[in-house]
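Trainee: Supplied structure: entry36.cif, mmCIF, C-alpha atoms.
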data_model
loop_
_atom_site.group_PDB
_atom_site.id
_atom_site.type_symbol
_atom_site.label_atom_id
_atom_site.label_comp_id
_atom_site.auth_asym_id
_atom_site.auth_seq_id
_atom_site.Cartn_x
_atom_site.Cartn_y
_atom_site.Cartn_z
ATOM 1 C CA MET A 212 17.543 7.382 -15.854
ATOM 2 C CA ARG A 213 16.700 10.499 -17.848
ATOM 3 C CA TYR A 214 13.267 11.517 -19.048
ATOM 4 C CA GLU A 215 12.543 11.571 -22.754
ATOM 5 C CA GLU A 216 13.199 14.926 -24.371
ATOM 6 C CA ASP A 217 9.644 15.368 -25.652
ATOM 7 C CA GLY A 218 8.507 15.494 -22.048
ATOM 8 C CA ASN A 219 5.328 13.467 -22.525
ATOM 9 C CA MET A 220 3.598 11.456 -19.854
ATOM 10 C CA PHE A 221 4.783 8.146 -21.265
ATOM 11 C CA GLY A 222 8.398 9.264 -21.047
ATOM 12 C CA ALA A 223 7.990 10.297 -17.409
ATOM 13 C CA LEU A 224 6.239 7.038 -16.548
ATOM 14 C CA LYS A 225 8.885 4.942 -18.291
ATOM 15 C CA ALA A 226 11.677 6.770 -16.479
ATOM 16 C CA GLU A 227 10.046 6.243 -13.076
ATOM 17 C CA PHE A 228 9.615 2.519 -13.708
ATOM 18 C CA LEU A 229 13.231 2.208 -14.829
ATOM 19 C CA LYS A 230 14.438 4.047 -11.716
ATOM 20 C CA MET A 231 12.604 1.475 -9.598
ATOM 21 C CA LYS A 232 14.078 -1.471 -11.501
ATOM 22 C CA GLY A 233 17.258 -1.769 -9.462
ATOM 23 C CA ALA A 234 16.020 -0.162 -6.257
ATOM 24 C CA ARG A 235 16.448 -2.382 -3.214
ATOM 25 C CA ILE A 236 14.081 -0.757 -0.707
ATOM 26 C CA PRO A 237 10.844 -1.076 -2.758
ATOM 27 C CA ARG A 238 11.752 -4.603 -3.809
ATOM 28 C CA MET A 239 12.365 -5.763 -0.238
ATOM 29 C CA CYS A 240 9.146 -4.112 0.987
ATOM 30 C CA ALA A 241 7.130 -5.762 -1.780
ATOM 31 C CA ILE A 242 8.674 -9.135 -0.981
ATOM 32 C CA GLY A 243 7.820 -8.592 2.692
ATOM 33 C CA ILE A 244 4.137 -8.135 1.839
ATOM 34 C CA ALA A 245 3.989 -10.946 -0.717
ATOM 35 C CA ALA A 246 5.766 -13.442 1.538
ATOM 36 C CA PHE A 247 3.747 -12.722 4.658
ATOM 37 C CA PRO A 248 1.225 -15.576 4.155
ATOM 38 C CA ALA A 249 4.152 -17.990 3.973
ATOM 39 C CA LEU A 250 5.443 -16.642 7.292
ATOM 40 C CA LEU A 251 1.966 -16.992 8.765
ATOM 41 C CA ALA A 252 1.844 -20.628 7.648
ATOM 42 C CA VAL A 253 4.522 -21.553 10.208
ATOM 43 C CA PRO A 254 2.549 -20.686 13.390
ATOM 44 C CA LEU A 255 -0.595 -22.025 11.705
ATOM 45 C CA THR A 256 1.083 -25.371 11.232
ATOM 46 C CA VAL A 257 2.027 -25.429 14.922
ATOM 47 C CA LEU A 258 -1.555 -24.599 15.911
ATOM 48 C CA MET A 259 -2.943 -27.336 13.683
ATOM 49 C CA LYS A 260 -0.552 -29.879 15.125
ATOM 50 C CA PHE A 261 -0.687 -28.984 18.798
ATOM 51 C CA GLY A 262 -3.755 -26.769 19.189
ATOM 52 C CA GLY A 263 -6.495 -29.289 18.658
ATOM 53 C CA GLY A 264 -7.407 -28.142 15.148
ATOM 54 C CA ILE A 265 -7.279 -24.415 15.845
ATOM 55 C CA GLY A 266 -6.830 -22.438 12.632
ATOM 56 C CA GLY A 267 -7.499 -25.479 10.445
ATOM 57 C CA SER A 268 -9.666 -23.668 7.875
ATOM 58 C CA TRP A 269 -8.321 -22.327 4.580
ATOM 59 C CA THR A 270 -10.652 -19.356 4.866
ATOM 60 C CA VAL A 271 -9.338 -18.565 8.353
ATOM 61 C CA PHE A 272 -5.775 -18.801 7.037
ATOM 62 C CA ALA A 273 -6.494 -16.452 4.118
ATOM 63 C CA GLU A 274 -8.389 -13.947 6.276
ATOM 64 C CA ALA A 275 -5.692 -13.960 8.950
ATOM 65 C CA GLY A 276 -3.024 -13.136 6.389
ATOM 66 C CA LEU A 277 -5.176 -10.373 4.964
ATOM 67 C CA ALA A 278 -5.819 -8.919 8.425
ATOM 68 C CA PHE A 279 -2.112 -8.604 9.201
ATOM 69 C CA ILE A 280 -1.389 -7.133 5.763
ATOM 70 C CA VAL A 281 -4.137 -4.519 5.817
ATOM 71 C CA LEU A 282 -3.656 -3.553 9.474
ATOM 72 C CA PHE A 283 0.119 -3.298 9.773
ATOM 73 C CA VAL A 284 2.370 -4.928 7.175
ATOM 74 C CA GLY A 285 0.809 -3.220 4.151
ATOM 75 C CA PRO A 286 0.511 0.349 5.504
ATOM 76 C CA VAL A 287 4.056 0.342 6.903
ATOM 77 C CA LEU A 288 5.835 -1.243 3.920
ATOM 78 C CA LEU A 289 3.822 0.563 1.244
ATOM 79 C CA GLY A 290 4.451 3.765 3.174
ATOM 80 C CA LEU A 291 8.178 3.066 2.929
ATOM 81 C CA ILE A 292 7.852 2.528 -0.823
ATOM 82 C CA ALA A 293 5.966 5.823 -1.187
ATOM 83 C CA THR A 294 8.633 7.567 0.879
ATOM 84 C CA PHE A 295 11.379 6.138 -1.320
ATOM 85 C CA ILE A 296 9.686 7.132 -4.583
ATOM 86 C CA PHE A 297 9.105 10.756 -3.568
ATOM 87 C CA ALA A 298 12.134 11.443 -1.372
ATOM 88 C CA ARG A 299 14.819 9.639 -3.329
ATOM 89 C CA GLU A 300 15.772 12.575 -5.576
ATOM 90 C CA PHE A 301 16.225 14.846 -2.562
ATOM 91 C CA VAL A 302 18.265 12.289 -0.619
ATOM 92 C CA GLU A 303 20.524 11.508 -3.572
ATOM 93 C CA GLY A 304 20.811 15.138 -4.651
ATOM 94 C CA THR A 305 19.274 14.664 -8.112
ATOM 95 C CA ALA A 306 16.116 16.738 -7.533
ATOM 96 C CA ARG A 307 17.679 19.854 -9.062
ATOM 97 C CA ASN A 308 18.434 17.969 -12.285
ATOM 98 C CA LEU A 309 15.002 16.325 -12.309
ATOM 99 C CA TYR A 310 13.075 19.582 -12.082
ATOM 100 C CA ALA A 311 15.323 21.211 -14.709
ATOM 101 C CA LEU A 312 14.233 18.719 -17.382
ATOM 102 C CA PRO A 313 11.766 19.779 -20.113
ATOM 103 C CA ILE A 314 8.725 18.164 -18.512
ATOM 104 C CA SER A 315 6.088 19.612 -16.234
ATOM 105 C CA ARG A 316 6.356 18.867 -12.530
ATOM 106 C CA THR A 317 2.710 17.842 -12.562
ATOM 107 C CA ARG A 318 3.528 14.997 -14.936
ATOM 108 C CA VAL A 319 6.427 13.933 -12.744
ATOM 109 C CA VAL A 320 4.120 13.694 -9.716
ATOM 110 C CA LEU A 321 1.444 11.808 -11.656
ATOM 111 C CA ALA A 322 4.036 9.397 -13.052
ATOM 112 C CA LYS A 323 5.298 8.691 -9.546
ATOM 113 C CA MET A 324 1.733 8.117 -8.333
ATOM 114 C CA LEU A 325 1.059 5.623 -11.143
ATOM 115 C CA VAL A 326 4.251 3.735 -10.324
ATOM 116 C CA LEU A 327 3.244 3.696 -6.663
ATOM 117 C CA LEU A 328 -0.169 2.298 -7.638
ATOM 118 C CA CYS A 329 1.483 -0.648 -9.383
ATOM 119 C CA TRP A 330 3.765 -1.235 -6.403
ATOM 120 C CA SER A 331 0.733 -1.148 -4.099
ATOM 121 C CA ILE A 332 -1.415 -3.660 -5.978
ATOM 122 C CA ALA A 333 1.275 -6.112 -7.123
ATOM 123 C CA PRO A 334 2.484 -7.230 -3.635
ATOM 124 C CA ALA A 335 -1.096 -7.833 -2.482
ATOM 125 C CA VAL A 336 -1.823 -9.928 -5.577
ATOM 126 C CA LEU A 337 1.433 -11.851 -5.145
ATOM 127 C CA ALA A 338 0.506 -12.492 -1.505
ATOM 128 C CA PHE A 339 -2.778 -13.979 -2.712
ATOM 129 C CA LEU A 340 -0.968 -16.194 -5.228
ATOM 130 C CA THR A 341 1.011 -17.791 -2.403
ATOM 131 C CA LEU A 342 -2.190 -18.859 -0.636
ATOM 132 C CA PRO A 343 -3.433 -21.786 -2.800
ATOM 133 C CA PRO A 344 -0.143 -23.748 -2.795
ATOM 134 C CA LEU A 345 0.284 -23.122 0.933
ATOM 135 C CA GLY A 346 -3.283 -24.259 1.562
ATOM 136 C CA LEU A 347 -2.706 -27.440 -0.429
ATOM 137 C CA ILE A 348 0.569 -28.152 1.380
ATOM 138 C CA LEU A 349 -1.103 -27.648 4.752
ATOM 139 C CA GLY A 350 -4.120 -29.689 3.690
ATOM 140 C CA LEU A 351 -6.589 -26.974 4.693
ATOM 141 C CA PRO A 352 -10.280 -27.576 3.873
ATOM 142 C CA GLU A 353 -12.815 -25.258 2.183
ATOM 143 C CA LEU A 354 -10.594 -24.451 -0.805
ATOM 144 C CA SER A 355 -12.747 -23.787 -3.897
ATOM 145 C CA TRP A 356 -12.892 -21.470 -6.912
ATOM 146 C CA VAL A 357 -15.695 -19.482 -5.300
ATOM 147 C CA VAL A 358 -13.695 -18.949 -2.134
ATOM 148 C CA LEU A 359 -10.579 -18.108 -4.156
ATOM 149 C CA GLY A 360 -12.474 -15.447 -6.111
ATOM 150 C CA GLY A 361 -13.771 -13.772 -2.965
ATOM 151 C CA VAL A 362 -10.360 -13.800 -1.306
ATOM 152 C CA PHE A 363 -8.659 -12.439 -4.433
ATOM 153 C CA ARG A 364 -11.016 -9.448 -4.545
ATOM 154 C CA LYS A 365 -10.231 -8.645 -0.914
ATOM 155 C CA TYR A 366 -6.461 -8.889 -1.379
ATOM 156 C CA ALA A 367 -6.473 -6.725 -4.520
ATOM 157 C CA LEU A 368 -8.839 -4.222 -2.903
ATOM 158 C CA SER A 369 -6.592 -3.988 0.160
ATOM 159 C CA GLY A 370 -3.712 -2.729 -1.992
ATOM 160 C CA ILE A 371 -5.923 -0.123 -3.674
ATOM 161 C CA LEU A 372 -7.416 1.126 -0.393
ATOM 162 C CA ILE A 373 -4.040 1.444 1.314
ATOM 163 C CA TYR A 374 -2.737 3.238 -1.787
ATOM 164 C CA SER A 375 -5.487 5.843 -1.465
ATOM 165 C CA THR A 376 -3.969 7.018 1.840
ATOM 166 C CA LEU A 377 -0.395 7.261 0.532
ATOM 167 C CA PRO A 378 -0.456 10.715 -1.164
ATOM 168 C CA LEU A 379 -0.226 12.297 2.290
ATOM 169 C CA THR A 380 2.911 10.250 2.963
ATOM 170 C CA CYS A 381 4.279 11.354 -0.409
ATOM 171 C CA LEU A 382 3.682 14.988 0.521
ATOM 172 C CA VAL A 383 5.492 14.583 3.849
ATOM 173 C CA SER A 384 8.369 12.934 1.963
ATOM 174 C CA MET A 385 8.805 15.908 -0.372
ATOM 175 C CA MET A 386 8.422 18.448 2.405
ATOM 176 C CA SER A 387 10.961 16.745 4.683
ATOM 177 C CA ARG A 388 13.312 15.831 1.791
ATOM 178 C CA GLY A 389 14.365 12.660 3.557
ATOM 179 C CA TYR A 390 13.353 9.193 4.704
ATOM 180 C CA ILE A 391 13.207 9.539 8.494
ATOM 181 C CA VAL A 392 10.277 11.955 8.972
ATOM 182 C CA PRO A 393 7.863 10.263 6.518
ATOM 183 C CA SER A 394 8.811 6.836 7.871
ATOM 184 C CA ALA A 395 8.036 7.996 11.407
ATOM 185 C CA TYR A 396 4.805 9.562 10.135
ATOM 186 C CA THR A 397 3.779 6.277 8.497
ATOM 187 C CA LEU A 398 4.509 4.266 11.627
ATOM 188 C CA LEU A 399 2.623 6.746 13.827
ATOM 189 C CA MET A 400 -0.474 6.735 11.605
ATOM 190 C CA THR A 401 -0.414 2.929 11.484
ATOM 191 C CA VAL A 402 -0.234 2.643 15.268
ATOM 192 C CA VAL A 403 -3.072 5.150 15.670
ATOM 193 C CA ALA A 404 -5.134 3.176 13.134
ATOM 194 C CA LEU A 405 -4.447 -0.060 15.018
ATOM 195 C CA PHE A 406 -5.651 1.553 18.225
ATOM 196 C CA GLY A 407 -8.716 2.935 16.501
ATOM 197 C CA PHE A 408 -9.534 -0.448 14.974
ATOM 198 C CA THR A 409 -10.000 -1.873 18.451
ATOM 199 C CA ARG A 410 -12.276 1.017 19.423
ATOM 200 C CA GLY A 411 -14.784 0.892 16.558
ATOM 201 C CA GLY A 412 -17.591 3.428 16.233
ATOM 202 C CA TYR A 413 -16.354 6.966 15.553
ATOM 203 C CA ALA A 414 -12.836 5.656 14.906
ATOM 204 C CA PHE A 415 -14.142 4.380 11.568
ATOM 205 C CA TRP A 416 -13.790 7.887 10.135
ATOM 206 C CA PHE A 417 -10.025 8.052 10.672
ATOM 207 C CA PRO A 418 -8.650 7.834 7.088
ATOM 208 C CA TYR A 419 -5.782 5.474 7.905
ATOM 209 C CA LEU A 420 -8.220 3.088 9.588
ATOM 210 C CA LEU A 421 -10.639 2.947 6.662
ATOM 211 C CA PRO A 422 -8.768 0.376 4.508
ATOM 212 C CA ALA A 423 -8.749 -2.158 7.358
ATOM 213 C CA ALA A 424 -12.306 -1.284 8.407
ATOM 214 C CA LEU A 425 -13.741 -1.678 4.916
ATOM 215 C CA ILE A 426 -11.947 -4.989 4.390
ATOM 216 C CA LEU A 427 -12.308 -6.601 7.820
ATOM 217 C CA TRP A 428 -15.264 -5.172 9.714
ATOM 218 C CA GLN A 429 -18.338 -7.359 9.389
ATOM 219 C CA PHE A 430 -21.047 -5.210 7.879
ATOM 220 C CA ASP A 431 -22.855 -5.468 4.566
ATOM 221 C CA VAL A 432 -20.503 -3.550 2.291
ATOM 222 C CA GLN A 433 -22.904 -3.879 -0.635
ATOM 223 C CA SER A 434 -25.720 -1.923 0.996
ATOM 224 C CA SER A 435 -24.253 -0.114 3.982
ATOM 225 C CA ALA A 436 -24.321 3.672 3.720
ATOM 226 C CA MET A 437 -21.435 3.677 6.202
ATOM 227 C CA ALA A 438 -19.284 1.654 3.807
ATOM 228 C CA TYR A 439 -20.077 3.895 0.857
ATOM 229 C CA MET A 440 -19.203 6.906 2.984
ATOM 230 C CA GLY A 441 -15.897 5.252 3.842
ATOM 231 C CA TYR A 442 -15.046 4.819 0.159
ATOM 232 C CA LEU A 443 -16.043 8.429 -0.481
ATOM 233 C CA ILE A 444 -13.763 9.647 2.307
ATOM 234 C CA LEU A 445 -10.831 7.664 0.936
ATOM 235 C CA ALA A 446 -11.455 8.974 -2.580
ATOM 236 C CA SER A 447 -11.574 12.528 -1.250
ATOM 237 C CA ILE A 448 -8.394 12.046 0.778
ATOM 238 C CA PHE A 449 -6.647 10.617 -2.272
ATOM 239 C CA LEU A 450 -7.678 13.429 -4.620
ATOM 240 C CA ALA A 451 -6.822 16.079 -2.046
ATOM 241 C CA GLY A 452 -3.454 14.436 -1.412
ATOM 242 C CA VAL A 453 -2.549 14.245 -5.095
ATOM 243 C CA THR A 454 -3.605 17.862 -5.588
ATOM 244 C CA LEU A 455 -1.441 19.001 -2.673
ATOM 245 C CA ASN A 456 1.498 17.040 -4.085
ATOM 246 C CA VAL A 457 1.094 18.704 -7.476
ATOM 247 C CA VAL A 458 0.776 22.189 -5.957
ATOM 248 C CA TYR A 459 3.749 21.714 -3.644
ATOM 249 C CA SER A 460 5.872 20.196 -6.402
ATOM 250 C CA ASN A 461 5.223 23.205 -8.662
ATOM 251 C CA ARG A 462 6.107 25.655 -5.901
ATOM 252 C CA ILE A 463 9.099 23.935 -4.353
ATOM 253 C CA GLN A 464 12.548 25.533 -4.621
ATOM 254 C CA VAL A 465 14.952 22.666 -5.266
ATOM 255 C CA ASP A 466 18.067 24.825 -4.956
ATOM 256 C CA ARG A 467 17.477 25.316 -1.227
#
Starting from the file, give its structure as structure tokens.
Mentor:
Amino acid sequence: MRYEEDGNMFGALKAEFLKMKGARIPRMCAIGIAAFPALLAVPLTVLMKFGGGIGGSWTVFAEAGLAFIVLFVGPVLLGLIATFIFAREFVEGTARNLYALPISRTRVVLAKMLVLLCWSIAPAVLAFLTLPPLGLILGLPELSWVVLGGVFRKYALSGILIYSTLPLTCLVSMMSRGYIVPSAYTLLMTVVALFGFTRGGYAFWFPYLLPAALILWQFDVQSSAMAYMGYLILASIFLAGVTLNVVYSNRIQVDR
């Protein structure tokens, strides 16, 4: 899908969305995130039936799904989506044509980042939307509008926080010009974050651990200086990552 000739930001954004329309990899990754609570409902049903009531709370069910998404499923699958968005042109050999179009490379990068933002938030929201019907089917207690509102904020926030770490994956994707290296990088960072999550303390400051820590660790997020510092670190990592992507994109030689 070509960019509009006037080269404005809307044209670049529209083209990036249209390129994602028929793409299989992002769609399957998004479905994997959105459908995870349904997959979690199966072992929960077994626990409720044979485990003496273990896991019988709707809140526990919602939090368990969120924990898996923010710790492993989300970072890995959203990392694959980021890799696809930024490496696709190099893999398919269309990068030379893309960067020859009458539009700045900065706008191309920003358009890709906006598309990635939508693909980061939407699966988390869809995952939340599967929770109420599953909770009703399972007959889980504690389901209320107040609880739903709190859970929704956490699910939506999880997508945004994970997204803030993805510019570094995008940069690795452009530098490697393929899928394998950034995919391995994403998996490695996720495993390191999982290890750090079990350690606590200083591990909190590892950027790839921060989304899970801010969502799952039990401290007062509203007043904790540690939490605010975590958000500041993620914001800094995101801005630095986007800046590096823009700089690299403007310097890259696509004919090599």
Trainee: Under the rule that only C-alpha atoms are counted, which of A:Val271, A:Leu325, A:Leu425, A:Cys240 is the nearest residue to Ala223 of chain A?
Mentor: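 Among A:Val271, A:Leu325, A:Leu425, A:Cys240, it is A:Leu325 that comes nearest to Ala223 of chain A.
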Trainee: Write out as a VMD selection string the residues lying within 8 Å of segment 300-307 of chain A, counting all atoms listed in the file and excluding same-chain residues fewer than 2 positions away.
Mentor: chain A and resid 297 to 298 309 to 311 385 388 to 390 465 to 466
Trainee: If you apply the PyMOL selection byres ((chain A and resi 315) around 10) to this file, what residues do you get, as number ranges by chain?
Mentor: A: 218-220, 223, 310-314, 316-320, 460-461
Trainee: Of the candidates A:Leu443, A:Leu291, A:Leu224, A:Leu368, which one gets nearest to Phe339 of chain A if we count all atoms listed in the file?
Mentor: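 Residue with the minimum atom-to-atom distance to Phe339 of chain A: A:Leu368.
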Trainee: As a list in words, please: the residues near Ile391 of chain A (cut-off 10 Å, only C-alpha atoms, same-chain neighbours under 5 positions excluded).
Mentor: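 Neighbouring residues, sequence-local ones excluded: Leu291, Thr294, Ser384, Tyr396 and Thr397 of chain A.
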Trainee: To verify the selection step, state as an mmCIF file with C-alpha atoms, keeping the file's coordinate frame which residues the PyMOL selection byres ((chain A and resi 246) around 10) yields on this input.
Mentor:
data_model
loop_
_atom_site.group_PDB
_atom_site.id
_atom_site.type_symbol
_atom_site.label_atom_id
_atom_site.label_comp_id
_atom_site.auth_asym_id
_atom_site.auth_seq_id
_atom_site.Cartn_x
_atom_site.Cartn_y
_atom_site.Cartn_z
ATOM 1 C CA CYS A 240 9.146 -4.112 0.987
ATOM 2 C CA ALA A 241 7.130 -5.762 -1.780
ATOM 3 C CA ILE A 242 8.674 -9.135 -0.981
ATOM 4 C CA GLY A 243 7.820 -8.592 2.692
ATOM 5 C CA ILE A 244 4.137 -8.135 1.839
ATOM 6 C CA ALA A 245 3.989 -10.946 -0.717
ATOM 7 C CA PHE A 247 3.747 -12.722 4.658
ATOM 8 C CA PRO A 248 1.225 -15.576 4.155
ATOM 9 C CA ALA A 249 4.152 -17.990 3.973
ATOM 10 C CA LEU A 250 5.443 -16.642 7.292
ATOM 11 C CA LEU A 251 1.966 -16.992 8.765
ATOM 12 C CA PRO A 334 2.484 -7.230 -3.635
ATOM 13 C CA ALA A 335 -1.096 -7.833 -2.482
ATOM 14 C CA LEU A 337 1.433 -11.851 -5.145
ATOM 15 C CA ALA A 338 0.506 -12.492 -1.505
ATOM 16 C CA PHE A 339 -2.778 -13.979 -2.712
ATOM 17 C CA LEU A 340 -0.968 -16.194 -5.228
ATOM 18 C CA THR A 341 1.011 -17.791 -2.403
ATOM 19 C CA LEU A 342 -2.190 -18.859 -0.636
#
Trainee: What does the PyMOL selection byres ((chain A and resi 362) around 9) select in this file, as a PyMOL selection string?
Mentor: chain A and resi 270+273-274+277+339+357-361+363-367
Trainee: Mind pulling up the distance from atom CA of Phe279 of chain A to atom CA of Gly233 of chain A?
Mentor: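 According to the coordinates, atom CA of Gly233 of chain A and atom CA of Phe279 of chain A are separated by 27.8 Å.
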Trainee: List the spatial neighbours of Ala234 of chain A as a PyMOL selection string - criterion: any atom at most 10 Å away, only C-alpha atoms, same-chain residues fewer than 4 positions off excluded.
Mentor: chain A and resi 229-230+238-239+295-296
Trainee: Counting only C-alpha atoms, which of A:Val287, A:Ala252, A:Ile373, A:Ala333 gets nearest to Gly350 of chain A?
Mentor: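 Nearest candidate to Gly350 of chain A out of A:Val287, A:Ala252, A:Ile373, A:Ala333: A:Ala252.
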Trainee: Counting all atoms listed in the file, which of A:Leu372, A:Ala275, A:Ser394, A:Phe228 gets nearest to Gly441 of chain A?
Mentor: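 Smallest separation from Gly441 of chain A among the options: A:Leu372.
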Trainee: Determine the nearest neighbour of Ile448 of chain A from the options A:Phe417, A:Phe221, A:Trp428, A:Trp330, counting all atoms listed in the file.
Mentor: A:Phe417
Trainee: With only C-alpha atoms as the basis for distance, which of A:Ala451, A:Val403, A:Leu345, A:Met437 is at the shortest distance from Thr376 of chain A?
Mentor: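 Of all the options, A:Ala451 lies closest to Thr376 of chain A.
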Trainee: Can you measure atom CA of Ile371 of chain A to atom CA of Cys329 of chain A for me? One decimal in Å is fine.
Mentor: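 Separation of atom CA of Ile371 of chain A and atom CA of Cys329 of chain A: 9.4 Å.
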Trainee: For atom CA of Met440 of chain A and atom CA of Ala278 of chain A, quote the distance in Å rounded to one decimal.
Mentor: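 Atom-to-atom, atom CA of Met440 of chain A and atom CA of Ala278 of chain A are spaced 21.4 Å apart.
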